[in-house]
>>> print(open('protein-v9.pdb').read())   # PDB, C-alpha atoms and all ligand atoms
ATOM      1  CA  MET A   1     103.387 298.176   6.434
ATOM      2  CA  LEU A   2      99.952 298.780   4.995
ATOM      3  CA  SER A   3      98.445 297.702   1.665
ATOM      4  CA  VAL A   4      96.382 300.541   0.309
ATOM      5  CA  ASP A   5      94.532 298.302  -2.161
ATOM      6  CA  HIS A   6      93.937 294.629  -2.833
ATOM      7  CA  GLY A   7      95.199 294.679  -6.417
ATOM      8  CA  MET A   8      98.732 294.664  -7.861
ATOM      9  CA  ASP A   9      99.009 298.421  -8.250
ATOM     10  CA  PRO A  10     100.580 299.705  -6.135
ATOM     11  CA  LEU A  11     102.320 296.430  -5.414
ATOM     12  CA  LEU A  12     104.261 297.473  -2.330
ATOM     13  CA  LYS A  13     102.858 298.135   1.101
ATOM     14  CA  ARG A  14     103.516 301.608   2.514
ATOM     15  CA  PRO A  15     105.206 302.190   5.902
ATOM     16  CA  PHE A  16     103.375 304.196   8.582
ATOM     17  CA  SER A  17     104.051 304.967  12.211
ATOM     18  CA  ILE A  18     101.687 304.011  14.969
ATOM     19  CA  HIS A  19     100.029 307.293  15.873
ATOM     20  CA  ARG A  20      97.707 306.156  18.650
ATOM     21  CA  LEU A  21      96.720 302.878  20.258
ATOM     22  CA  PHE A  22      93.241 302.188  21.600
ATOM     23  CA  GLY A  23      93.306 298.679  23.062
ATOM     24  CA  ASP A  24      93.931 296.459  20.009
ATOM     25  CA  ASP A  25      93.098 299.257  17.553
ATOM     26  CA  VAL A  26      95.865 301.201  15.842
ATOM     27  CA  GLN A  27      95.401 304.699  14.450
ATOM     28  CA  ILE A  28      97.666 306.120  11.754
ATOM     29  CA  LEU A  29      97.984 309.760  10.757
ATOM     30  CA  TYR A  30      99.126 310.292   7.196
ATOM     31  CA  ARG A  31      99.752 313.011   4.682
ATOM     32  CA  LEU A  32      98.877 312.717   1.008
ATOM     33  CA  ALA A  33     102.233 312.101  -0.672
ATOM     34  CA  GLY A  34     101.562 310.188  -3.893
ATOM     35  CA  LYS A  35      99.608 307.356  -5.442
ATOM     36  CA  GLY A  36      99.407 305.058  -2.414
ATOM     37  CA  THR A  37      98.232 307.616   0.093
ATOM     38  CA  HIS A  38      95.722 309.055  -2.399
ATOM     39  CA  ILE A  39      94.218 305.573  -2.847
ATOM     40  CA  LEU A  40      94.202 305.185   0.939
ATOM     41  CA  SER A  41      92.298 308.430   1.341
ATOM     42  CA  GLY A  42      89.537 306.948  -0.825
ATOM     43  CA  ARG A  43      88.977 303.963   1.458
ATOM     44  CA  ASN A  44      85.743 303.836   3.397
ATOM     45  CA  LYS A  45      84.864 302.975   6.961
ATOM     46  CA  GLY A  46      84.655 299.184   7.249
ATOM     47  CA  ASP A  47      87.014 298.465   4.316
ATOM     48  CA  ILE A  48      89.548 295.746   5.099
ATOM     49  CA  LEU A  49      93.223 296.292   4.248
ATOM     50  CA  ASP A  50      96.231 294.002   4.724
ATOM     51  CA  ALA A  51      98.796 295.149   7.233
ATOM     52  CA  VAL A  52     102.010 293.709   8.651
ATOM     53  CA  GLY A  53     103.269 294.990  11.954
ATOM     54  CA  PRO A  54     104.302 296.250  14.303
ATOM     55  CA  LEU A  55     107.765 296.087  12.735
ATOM     56  CA  GLY A  56     111.150 297.412  13.778
ATOM     57  CA  ASN A  57     112.011 298.961  17.116
ATOM     58  CA  LYS A  58     110.542 301.784  19.196
ATOM     59  CA  PHE A  59     111.714 304.824  21.141
ATOM     60  CA  PRO A  60     113.508 303.656  24.303
ATOM     61  CA  PRO A  61     111.820 305.218  27.337
ATOM     62  CA  PRO A  62     113.710 308.043  29.057
ATOM     63  CA  GLY A  63     115.435 307.292  32.379
ATOM     64  CA  SER A  64     113.401 308.008  35.499
ATOM     65  CA  GLY A  65     115.066 311.404  36.119
ATOM     66  CA  ASP A  66     115.302 312.417  32.448
ATOM     67  CA  LYS A  67     113.373 315.365  31.094
ATOM     68  CA  THR A  68     112.527 315.155  27.416
ATOM     69  CA  ILE A  69     112.724 317.355  24.365
ATOM     70  CA  LEU A  70     110.482 316.125  21.550
ATOM     71  CA  ILE A  71     111.038 317.416  18.016
ATOM     72  CA  ALA A  72     108.614 316.833  15.154
ATOM     73  CA  GLY A  73     108.979 318.007  11.572
ATOM     74  CA  GLY A  74     105.923 317.672   9.310
ATOM     75  CA  ILE A  75     104.206 314.297   9.523
ATOM     76  CA  GLY A  76     106.898 313.302  12.038
ATOM     77  CA  ILE A  77     104.301 314.483  14.547
ATOM     78  CA  ALA A  78     102.517 311.106  14.097
ATOM     79  CA  PRO A  79     104.899 309.023  16.275
ATOM     80  CA  ILE A  80     106.060 311.996  18.358
ATOM     81  CA  PHE A  81     102.473 312.562  19.488
ATOM     82  CA  ALA A  82     102.282 308.874  20.457
ATOM     83  CA  LEU A  83     105.396 309.310  22.575
ATOM     84  CA  ALA A  84     104.098 312.529  24.157
ATOM     85  CA  GLU A  85     100.859 310.748  25.045
ATOM     86  CA  LYS A  86     102.801 307.910  26.632
ATOM     87  CA  LEU A  87     105.045 310.275  28.618
ATOM     88  CA  LYS A  88     102.279 312.666  29.571
ATOM     89  CA  ASN A  89     103.212 312.863  33.235
ATOM     90  CA  LYS A  90     106.849 313.687  32.514
ATOM     91  CA  GLU A  91     108.306 317.133  31.929
ATOM     92  CA  ILE A  92     108.169 317.633  28.143
ATOM     93  CA  LEU A  93     109.319 320.371  25.803
ATOM     94  CA  LEU A  94     107.882 319.903  22.307
ATOM     95  CA  PHE A  95     109.201 321.673  19.192
ATOM     96  CA  TYR A  96     106.893 321.182  16.218
ATOM     97  CA  GLY A  97     107.538 322.576  12.766
ATOM     98  CA  ALA A  98     105.576 322.408   9.517
ATOM     99  CA  LYS A  99     105.664 324.181   6.164
ATOM    100  CA  THR A 100     102.530 326.240   6.796
ATOM    101  CA  LYS A 101      99.839 326.780   9.430
ATOM    102  CA  GLU A 102      97.492 324.517   7.427
ATOM    103  CA  GLU A 103      99.961 321.621   7.749
ATOM    104  CA  LEU A 104     100.092 321.763  11.554
ATOM    105  CA  LEU A 105      98.170 318.790  12.951
ATOM    106  CA  CYS A 106      96.972 317.658  16.374
ATOM    107  CA  THR A 107      97.817 320.943  18.092
ATOM    108  CA  ASP A 108      94.656 320.819  20.234
ATOM    109  CA  GLN A 109      95.336 317.212  21.217
ATOM    110  CA  ILE A 110      98.925 318.160  22.122
ATOM    111  CA  LYS A 111      97.657 320.970  24.345
ATOM    112  CA  SER A 112      95.124 318.595  25.940
ATOM    113  CA  LEU A 113      98.130 316.572  27.173
ATOM    114  CA  GLY A 114      99.207 319.668  29.127
ATOM    115  CA  ILE A 115     102.019 320.453  26.670
ATOM    116  CA  ASP A 116     102.506 323.961  25.318
ATOM    117  CA  PRO A 117     104.307 323.253  22.021
ATOM    118  CA  VAL A 118     106.871 325.613  20.494
ATOM    119  CA  ILE A 119     105.394 325.943  16.998
ATOM    120  CA  SER A 120     107.291 327.025  13.908
ATOM    121  CA  THR A 121     106.375 327.257  10.243
ATOM    122  CA  ASP A 122     108.633 327.714   7.219
ATOM    123  CA  ASP A 123     106.524 330.645   5.986
ATOM    124  CA  GLY A 124     105.912 332.200   9.425
ATOM    125  CA  SER A 125     102.124 331.734   9.114
ATOM    126  CA  CYS A 126     102.000 330.326  12.673
ATOM    127  CA  GLY A 127     104.490 330.468  15.551
ATOM    128  CA  GLN A 128     108.137 331.274  14.882
ATOM    129  CA  LYS A 129     109.331 331.594  11.277
ATOM    130  CA  GLY A 130     111.761 328.802  10.430
ATOM    131  CA  THR A 131     112.157 325.142  11.276
ATOM    132  CA  ALA A 132     111.684 323.262  14.523
ATOM    133  CA  ILE A 133     115.491 323.069  14.755
ATOM    134  CA  ASP A 134     115.805 326.869  14.410
ATOM    135  CA  ALA A 135     113.340 327.180  17.317
ATOM    136  CA  LEU A 136     115.314 324.642  19.355
ATOM    137  CA  ILE A 137     118.583 326.526  18.740
ATOM    138  CA  LYS A 138     116.999 329.783  19.967
ATOM    139  CA  HIS A 139     115.693 327.981  23.048
ATOM    140  CA  LEU A 140     119.092 326.426  23.817
ATOM    141  CA  ILE A 141     120.761 329.839  23.593
ATOM    142  CA  ARG A 142     118.318 331.164  26.217
ATOM    143  CA  HIS A 143     118.449 327.994  28.377
ATOM    144  CA  PRO A 144     121.908 326.371  27.990
ATOM    145  CA  SER A 145     121.347 324.093  31.021
ATOM    146  CA  LEU A 146     118.782 322.118  28.958
ATOM    147  CA  VAL A 147     121.663 320.431  27.164
ATOM    148  CA  THR A 148     122.758 318.272  30.080
ATOM    149  CA  SER A 149     119.365 317.632  31.671
ATOM    150  CA  HIS A 150     117.284 316.652  28.652
ATOM    151  CA  ARG A 151     117.058 313.712  26.266
ATOM    152  CA  LEU A 152     116.003 314.318  22.645
ATOM    153  CA  TYR A 153     113.453 312.339  20.642
ATOM    154  CA  ALA A 154     112.835 313.383  17.045
ATOM    155  CA  CYS A 155     111.014 312.403  13.873
ATOM    156  CA  GLY A 156     110.924 314.338  10.637
ATOM    157  CA  PRO A 157     112.443 314.755   7.188
ATOM    158  CA  ARG A 158     116.093 314.001   6.432
ATOM    159  CA  PRO A 159     117.302 317.647   6.198
ATOM    160  CA  MET A 160     115.951 318.225   9.711
ATOM    161  CA  PHE A 161     118.051 315.356  11.049
ATOM    162  CA  LYS A 162     121.199 316.593   9.373
ATOM    163  CA  SER A 163     120.928 319.963  11.123
ATOM    164  CA  LEU A 164     119.879 318.292  14.375
ATOM    165  CA  SER A 165     122.968 316.048  14.218
ATOM    166  CA  LEU A 166     125.256 319.044  13.763
ATOM    167  CA  LEU A 167     123.579 320.779  16.701
ATOM    168  CA  ALA A 168     123.801 317.661  18.868
ATOM    169  CA  LYS A 169     127.497 317.240  18.079
ATOM    170  CA  LYS A 170     128.210 320.861  18.952
ATOM    171  CA  HIS A 171     126.348 320.716  22.300
ATOM    172  CA  ASN A 172     126.920 317.038  23.123
ATOM    173  CA  LEU A 173     123.165 316.444  23.096
ATOM    174  CA  LYS A 174     121.993 312.828  23.360
ATOM    175  CA  GLY A 175     118.833 311.348  21.979
ATOM    176  CA  TYR A 176     116.993 309.238  19.434
ATOM    177  CA  ILE A 177     115.615 309.803  15.963
ATOM    178  CA  ALA A 178     112.973 307.877  14.024
ATOM    179  CA  LEU A 179     113.861 307.823  10.323
ATOM    180  CA  GLU A 180     111.294 307.967   7.504
ATOM    181  CA  GLN A 181     113.421 306.121   4.937
ATOM    182  CA  HIS A 182     111.887 304.908   1.665
ATOM    183  CA  MET A 183     110.980 301.232   2.073
ATOM    184  CA  ALA A 184     110.138 298.310  -0.174
ATOM    185  CA  CYS A 185     109.758 295.027   1.737
ATOM    186  CA  GLY A 186     109.659 296.478   5.264
ATOM    187  CA  ILE A 187     110.801 293.160   6.768
ATOM    188  CA  GLY A 188     114.557 293.240   6.342
ATOM    189  CA  THR A 189     115.090 291.255   3.129
ATOM    190  CA  CYS A 190     115.513 293.719   0.221
ATOM    191  CA  LEU A 191     118.164 295.999   1.824
ATOM    192  CA  GLY A 192     116.433 298.943   0.161
ATOM    193  CA  CYS A 193     116.334 300.989   3.339
ATOM    194  CA  VAL A 194     119.902 300.725   4.643
ATOM    195  CA  ILE A 195     121.676 303.665   6.237
ATOM    196  CA  ASN A 196     125.305 304.086   7.205
ATOM    197  CA  THR A 197     126.057 304.206  10.915
ATOM    198  CA  VAL A 198     129.193 304.151  13.061
ATOM    199  CA  ASP A 199     128.435 300.426  13.574
ATOM    200  CA  GLY A 200     128.152 299.715   9.815
ATOM    201  CA  TYR A 201     125.126 299.565   7.517
ATOM    202  CA  LYS A 202     121.761 299.071   9.246
ATOM    203  CA  ARG A 203     118.275 298.334   7.895
ATOM    204  CA  VAL A 204     115.885 301.075   8.939
ATOM    205  CA  CYS A 205     112.932 298.671   8.785
ATOM    206  CA  ARG A 206     114.579 296.052  10.990
ATOM    207  CA  GLU A 207     117.251 297.605  13.235
ATOM    208  CA  GLY A 208     115.366 300.938  13.175
ATOM    209  CA  PRO A 209     113.505 303.095  12.478
ATOM    210  CA  VAL A 210     114.745 304.520  15.806
ATOM    211  CA  PHE A 211     118.501 305.087  16.142
ATOM    212  CA  PRO A 212     120.693 306.974  18.609
ATOM    213  CA  LEU A 213     121.254 310.355  17.008
ATOM    214  CA  GLU A 214     125.035 310.203  17.287
ATOM    215  CA  LYS A 215     125.247 306.831  15.486
ATOM    216  CA  ILE A 216     124.064 307.986  12.036
ATOM    217  CA  LEU A 217     126.691 308.908   9.444
ATOM    218  CA  TRP A 218     125.134 311.509   7.127
ATOM    219  CA  GLU A 219     126.787 311.817   3.718
TER     220      GLU A 219
HETATM  221  C1  LIG A 301     109.127 304.113   9.393
HETATM  222  C2  LIG A 301     108.280 305.065   8.592
HETATM  223  C3  LIG A 301     107.186 305.641   9.192
HETATM  224  C4  LIG A 301     106.375 306.526   8.463
HETATM  225  N1  LIG A 301     105.297 307.039   9.083
HETATM  226  C5  LIG A 301     104.473 307.837   8.395
HETATM  227  C6  LIG A 301     103.283 308.330   9.015
HETATM  228  O1  LIG A 301     102.978 308.035  10.170
HETATM  229  N2  LIG A 301     102.480 309.129   8.274
HETATM  230  C7  LIG A 301     102.784 309.476   6.971
HETATM  231  O2  LIG A 301     102.015 310.212   6.366
HETATM  232  N3  LIG A 301     103.893 309.026   6.377
HETATM  233  C8  LIG A 301     104.735 308.193   7.047
HETATM  234  N4  LIG A 301     105.848 307.714   6.418
HETATM  235  C9  LIG A 301     106.073 308.087   5.004
HETATM  236  C10 LIG A 301     105.116 307.279   4.129
HETATM  237  O3  LIG A 301     105.495 305.919   4.174
HETATM  238  C11 LIG A 301     105.180 307.789   2.680
HETATM  239  O4  LIG A 301     104.698 309.113   2.628
HETATM  240  C12 LIG A 301     104.313 306.909   1.795
HETATM  241  O5  LIG A 301     104.889 305.623   1.668
HETATM  242  C13 LIG A 301     104.165 307.553   0.433
HETATM  243  O6  LIG A 301     103.421 306.643  -0.370
HETATM  244  P1  LIG A 301     102.677 307.150  -1.674
HETATM  245  O7  LIG A 301     102.385 305.968  -2.522
HETATM  246  O8  LIG A 301     101.542 308.043  -1.318
HETATM  247  O9  LIG A 301     103.757 308.073  -2.344
HETATM  248  P2  LIG A 301     104.764 307.681  -3.532
HETATM  249  O10 LIG A 301     104.014 307.759  -4.821
HETATM  250  O11 LIG A 301     105.481 306.409  -3.188
HETATM  251  O12 LIG A 301     105.761 308.894  -3.413
HETATM  252  C14 LIG A 301     105.279 310.238  -3.525
HETATM  253  C15 LIG A 301     106.341 311.198  -3.064
HETATM  254  O13 LIG A 301     106.604 310.967  -1.650
HETATM  255  C16 LIG A 301     107.986 310.668  -1.481
HETATM  256  N5  LIG A 301     108.110 309.598  -0.455
HETATM  257  C17 LIG A 301     107.692 308.322  -0.554
HETATM  258  N6  LIG A 301     108.026 307.627   0.550
HETATM  259  C18 LIG A 301     108.689 308.489   1.363
HETATM  260  C19 LIG A 301     109.315 308.391   2.629
HETATM  261  N7  LIG A 301     109.367 307.237   3.306
HETATM  262  N8  LIG A 301     109.887 309.493   3.152
HETATM  263  C20 LIG A 301     109.894 310.656   2.485
HETATM  264  N9  LIG A 301     109.321 310.822   1.277
HETATM  265  C21 LIG A 301     108.729 309.762   0.714
HETATM  266  C22 LIG A 301     108.484 310.172  -2.827
HETATM  267  O14 LIG A 301     109.863 310.425  -2.995
HETATM  268  C23 LIG A 301     107.678 311.003  -3.796
HETATM  269  O15 LIG A 301     108.241 312.279  -3.978
HETATM  270  C24 LIG A 301     106.672 306.840   7.110
HETATM  271  C25 LIG A 301     107.786 306.242   6.510
HETATM  272  C26 LIG A 301     108.573 305.373   7.243
HETATM  273  C27 LIG A 301     109.738 304.716   6.606
HETATM  274  S1  LIG A 302     112.675 297.823   3.326
HETATM  275 FE1  LIG A 302     113.513 295.937   2.673
HETATM  276  S2  LIG A 302     115.184 295.656   4.025
HETATM  277 FE2  LIG A 302     114.201 297.426   4.787
END
>>> encode(input="protein-v9.pdb", output="structure tokens")
Amino acid sequence: MLSVDHGMDPLLKRPFSIHRLFGDDVQILYRLAGKGTHILSGRNKGDILDAVGPLGNKFPPPGSGDKTILIAGGIGIAPIFALAEKLKNKEILLFYGAKTKEELLCTDQIKSLGIDPVISTDDGSCGQKGTAIDALIKHLIRHPSLVTSHRLYACGPRPMFKSLSLLAKKHNLKGYIALEQHMACGIGTCLGCVINTVDGYKRVCREGPVFPLEKILWE
């Protein structure tokens, strides 16, 4: 949870994923969404900002024999890249979707990890036309054995997770998703970030943001 300014406006810290770790240094990758991120983009090298973290849980590592399918939608690439970097010696399939070619980030860094990502864009300006989930569906049709041998890890917008959940249910796919829920306190007290799961309501900031895909109840 990062303060973008020292004043009272905006009052609330903003949640960001850890994108990369260099020793004790943390790098975040963010998109300009609204007031907070626009203020953040005006900060200069050497400015000091308040931060609280790391908070919440993290992606559980895959089992020793597991192969992995990573799925990133939009700025969901920030934590998915971190995971890919961590797993770099494992067999990885990465599906990465964005609205347009201009919104695709880190593609060179992904390739430098030895991963050849399956790219998709909503407008077809780069890679396959459609979403990362559309690309995954096409891949599963061509390679049905992936379903039993691979574990999914995903981060992206809510509509992406809804379609991923339907797909996972249909094919009995197992995996984890990192949710980008709106947050206020970020430390488990305001209950502003709760989601409904098969085990009852859970706070995304505290019990999440990573949840087993099959546990989330989407309305
Ligand atoms: C666990 C977690 C990790 C995140 N990691 C990253 C990251 O690594 N990089 C990154 O760029 N963003 C990340 N986000 C989203 C980021 O927190 C929001 O984009 C940011 O708080 C927007 O602040 P703002 O003041 O610029 O926008 P606001 O003025 O608060 O909102 C502008 C617009 O963005 C929408 N918005 C605000 N917060 C969210 C959200 N959480 N999810 C979807 N839409 C939102 C609002 O509905 C509004 O339409 C993460 C969110 C969570 C919960
Ligand atoms: S943001 Fe306050 S409980 Fe999660």
>>> closest_atom_pairs(input="protein-v9.pdb", of="chain A", to="ligand LIG 302 (chain A)", cutoff="6 Å", atoms="all atoms listed in the file", output="JSON lines")
{"residue": "A:Met183", "atom": "CA", "partner": "A:LIG302", "partner_atom": "S1", "distance": 4.0}
{"residue": "A:Ala184", "atom": "CA", "partner": "A:LIG302", "partner_atom": "S1", "distance": 4.4}
{"residue": "A:Cys185", "atom": "CA", "partner": "A:LIG302", "partner_atom": "FE1", "distance": 4.0}
{"residue": "A:Gly186", "atom": "CA", "partner": "A:LIG302", "partner_atom": "S1", "distance": 3.8}
{"residue": "A:Ile187", "atom": "CA", "partner": "A:LIG302", "partner_atom": "FE1", "distance": 5.6}
{"residue": "A:Gly188", "atom": "CA", "partner": "A:LIG302", "partner_atom": "S2", "distance": 3.4}
{"residue": "A:Thr189", "atom": "CA", "partner": "A:LIG302", "partner_atom": "S2", "distance": 4.5}
{"residue": "A:Cys190", "atom": "CA", "partner": "A:LIG302", "partner_atom": "FE1", "distance": 3.9}
{"residue": "A:Leu191", "atom": "CA", "partner": "A:LIG302", "partner_atom": "S2", "distance": 3.7}
{"residue": "A:Gly192", "atom": "CA", "partner": "A:LIG302", "partner_atom": "FE1", "distance": 4.9}
{"residue": "A:Cys193", "atom": "CA", "partner": "A:LIG302", "partner_atom": "FE2", "distance": 4.4}
{"residue": "A:Arg203", "atom": "CA", "partner": "A:LIG302", "partner_atom": "FE2", "distance": 5.2}
{"residue": "A:Val204", "atom": "CA", "partner": "A:LIG302", "partner_atom": "FE2", "distance": 5.8}
{"residue": "A:Cys205", "atom": "CA", "partner": "A:LIG302", "partner_atom": "FE2", "distance": 4.4}
>>> residues_near_ligand(input="protein-v9.pdb", ligand="ligand LIG 301 (chain A)", cutoff="7 Å", atoms="all atoms listed in the file", output="list in words")
Arg14, Pro15, Phe16, Ser17, Ile18, His19, Ile28, Leu29, Tyr30, Arg31, Leu32, Ala33, Gly34, Lys35, Gly36, Thr37, His38, Ile75, Gly76, Ala78, Pro79, Pro157, Leu179, Glu180, Gln181, His182, Met183, Cys205 and Pro209 of chain A
>>> closest_residue(input="protein-v9.pdb", among="A:Ile71, A:Ile195, A:Leu2, A:Ile177", to="Ile137 (chain A)", atoms="all atoms listed in the file")
A:Ile71
>>> residues_around(input="protein-v9.pdb", residues="Ile48 (chain A)", least_positions_apart="3", cutoff="12 Å", atoms="all atoms listed in the file", output="list in words")
Leu2, Ser3, Val4, Asp5, His6, Leu40, Arg43, Asn44, Lys45 and Ala51 of chain A
>>> residues_around(input="protein-v9.pdb", residues="region 82-98 of chain A", least_positions_apart="3", cutoff="6 Å", atoms="all atoms listed in the file", output="PyMOL selection string")
chain A and resi 19-20+67-74+79+103-104+117-121+131-132
>>> write_last_selection(input="protein-v9.pdb", atoms="C-alpha atoms", output="mmCIF file, in the frame of the given file")
data_model
loop_
_atom_site.group_PDB
_atom_site.id
_atom_site.type_symbol
_atom_site.label_atom_id
_atom_site.label_comp_id
_atom_site.auth_asym_id
_atom_site.auth_seq_id
_atom_site.Cartn_x
_atom_site.Cartn_y
_atom_site.Cartn_z
ATOM 1 C CA HIS A 19 100.029 307.293 15.873
ATOM 2 C CA ARG A 20 97.707 306.156 18.650
ATOM 3 C CA LYS A 67 113.373 315.365 31.094
ATOM 4 C CA THR A 68 112.527 315.155 27.416
ATOM 5 C CA ILE A 69 112.724 317.355 24.365
ATOM 6 C CA LEU A 70 110.482 316.125 21.550
ATOM 7 C CA ILE A 71 111.038 317.416 18.016
ATOM 8 C CA ALA A 72 108.614 316.833 15.154
ATOM 9 C CA GLY A 73 108.979 318.007 11.572
ATOM 10 C CA GLY A 74 105.923 317.672 9.310
ATOM 11 C CA PRO A 79 104.899 309.023 16.275
ATOM 12 C CA GLU A 103 99.961 321.621 7.749
ATOM 13 C CA LEU A 104 100.092 321.763 11.554
ATOM 14 C CA PRO A 117 104.307 323.253 22.021
ATOM 15 C CA VAL A 118 106.871 325.613 20.494
ATOM 16 C CA ILE A 119 105.394 325.943 16.998
ATOM 17 C CA SER A 120 107.291 327.025 13.908
ATOM 18 C CA THR A 121 106.375 327.257 10.243
ATOM 19 C CA THR A 131 112.157 325.142 11.276
ATOM 20 C CA ALA A 132 111.684 323.262 14.523
#
>>> atom_distance(input="protein-v9.pdb", atom1="CA of Leu146 (chain A)", atom2="CA of Glu214 (chain A)")
17.8 Å
>>> axis_aligned_box(input="protein-v9.pdb", around="region 44-57 of chain A", padding_each_side="6 Å", output="lines of an AutoDock Vina configuration file")
center_x = 98.3
center_y = 298.8
center_z = 10.3
size_x = 39.4
size_y = 22.1
size_z = 25.7
>>> closest_residue(input="protein-v9.pdb", among="A:Phe81, A:Leu167, A:Gly124, A:Trp218", to="Ser112 (chain A)", atoms="all atoms listed in the file")
A:Phe81
>>> residues_around(input="protein-v9.pdb", residues="Asn196 (chain A)", least_positions_apart="3", cutoff="6 Å", atoms="all atoms listed in the file", output="PyMOL selection string")
chain A and resi 200-201+217
>>> residues_around(input="protein-v9.pdb", residues="Ile216 (chain A)", least_positions_apart="4", cutoff="9 Å", atoms="all atoms listed in the file", output="PyMOL selection string")
chain A and resi 165+195-199+211-212
>>> closest_residue(input="protein-v9.pdb", among="A:Pro60, A:Ser149, A:Ile133, A:Leu21", to="Phe161 (chain A)", atoms="only C-alpha atoms")
A:Ile133
>>> closest_residue(input="protein-v9.pdb", among="A:Gly7, A:Val194, A:Asp47, A:Ala178", to="Met160 (chain A)", atoms="only C-alpha atoms")
A:Ala178
>>> atom_distance(input="protein-v9.pdb", atom1="CA of Gly208 (chain A)", atom2="CA of Lys58 (chain A)")
7.8 Å
>>> closest_residue(input="protein-v9.pdb", among="A:Gly46, A:Gly175, A:Gly127, A:Gly65", to="Val147 (chain A)", atoms="all atoms listed in the file")
A:Gly175
>>> build_atoms(input="protein-v9.pdb", residues="region 150-155 of chain A", atoms="all heavy atoms", output="CSV table (one decimal), in the frame of the given file")
chain,number,residue,atom,x,y,z
A,150,HIS,N,118.4,317.1,29.5
A,150,HIS,CA,117.3,316.7,28.7
A,150,HIS,C,117.7,315.6,27.6
A,150,HIS,O,118.9,315.6,27.2
A,150,HIS,CB,116.6,317.8,27.9
A,150,HIS,CG,115.7,318.6,28.7
A,150,HIS,ND1,116.2,319.4,29.8
A,150,HIS,CD2,114.4,318.8,28.7
A,150,HIS,CE1,115.1,320.0,30.3
A,150,HIS,NE2,114.0,319.6,29.7
A,151,ARG,N,116.8,314.7,27.3
A,151,ARG,CA,117.1,313.7,26.3
A,151,ARG,C,116.2,314.1,25.1
A,151,ARG,O,115.0,314.4,25.3
A,151,ARG,CB,116.7,312.3,26.8
A,151,ARG,CG,117.2,311.2,25.9
A,151,ARG,CD,117.5,310.0,26.7
A,151,ARG,NE,118.6,310.2,27.6
A,151,ARG,CZ,119.9,309.8,27.3
A,151,ARG,NH1,120.1,309.2,26.1
A,151,ARG,NH2,120.9,310.0,28.1
A,152,LEU,N,116.7,314.0,23.9
A,152,LEU,CA,116.0,314.3,22.6
A,152,LEU,C,115.3,313.1,22.0
A,152,LEU,O,115.9,312.0,22.0
A,152,LEU,CB,117.0,314.8,21.6
A,152,LEU,CG,117.7,316.1,21.7
A,152,LEU,CD1,118.6,316.3,20.5
A,152,LEU,CD2,116.7,317.3,21.8
A,153,TYR,N,114.1,313.3,21.5
A,153,TYR,CA,113.5,312.3,20.6
A,153,TYR,C,112.9,313.1,19.4
A,153,TYR,O,112.2,314.1,19.6
A,153,TYR,CB,112.3,311.7,21.4
A,153,TYR,CG,112.7,310.8,22.5
A,153,TYR,CD1,112.8,311.4,23.8
A,153,TYR,CD2,112.9,309.5,22.4
A,153,TYR,CE1,113.2,310.6,24.9
A,153,TYR,CE2,113.3,308.7,23.5
A,153,TYR,CZ,113.4,309.3,24.7
A,153,TYR,OH,113.8,308.5,25.8
A,154,ALA,N,113.2,312.6,18.2
A,154,ALA,CA,112.8,313.4,17.0
A,154,ALA,C,112.3,312.5,15.9
A,154,ALA,O,112.8,311.4,15.8
A,154,ALA,CB,114.0,314.2,16.6
A,155,CYS,N,111.4,313.1,15.1
A,155,CYS,CA,111.0,312.4,13.9
A,155,CYS,C,110.7,313.5,12.9
A,155,CYS,O,110.0,314.5,13.2
A,155,CYS,CB,109.8,311.5,14.1
A,155,CYS,SG,109.4,310.6,12.6
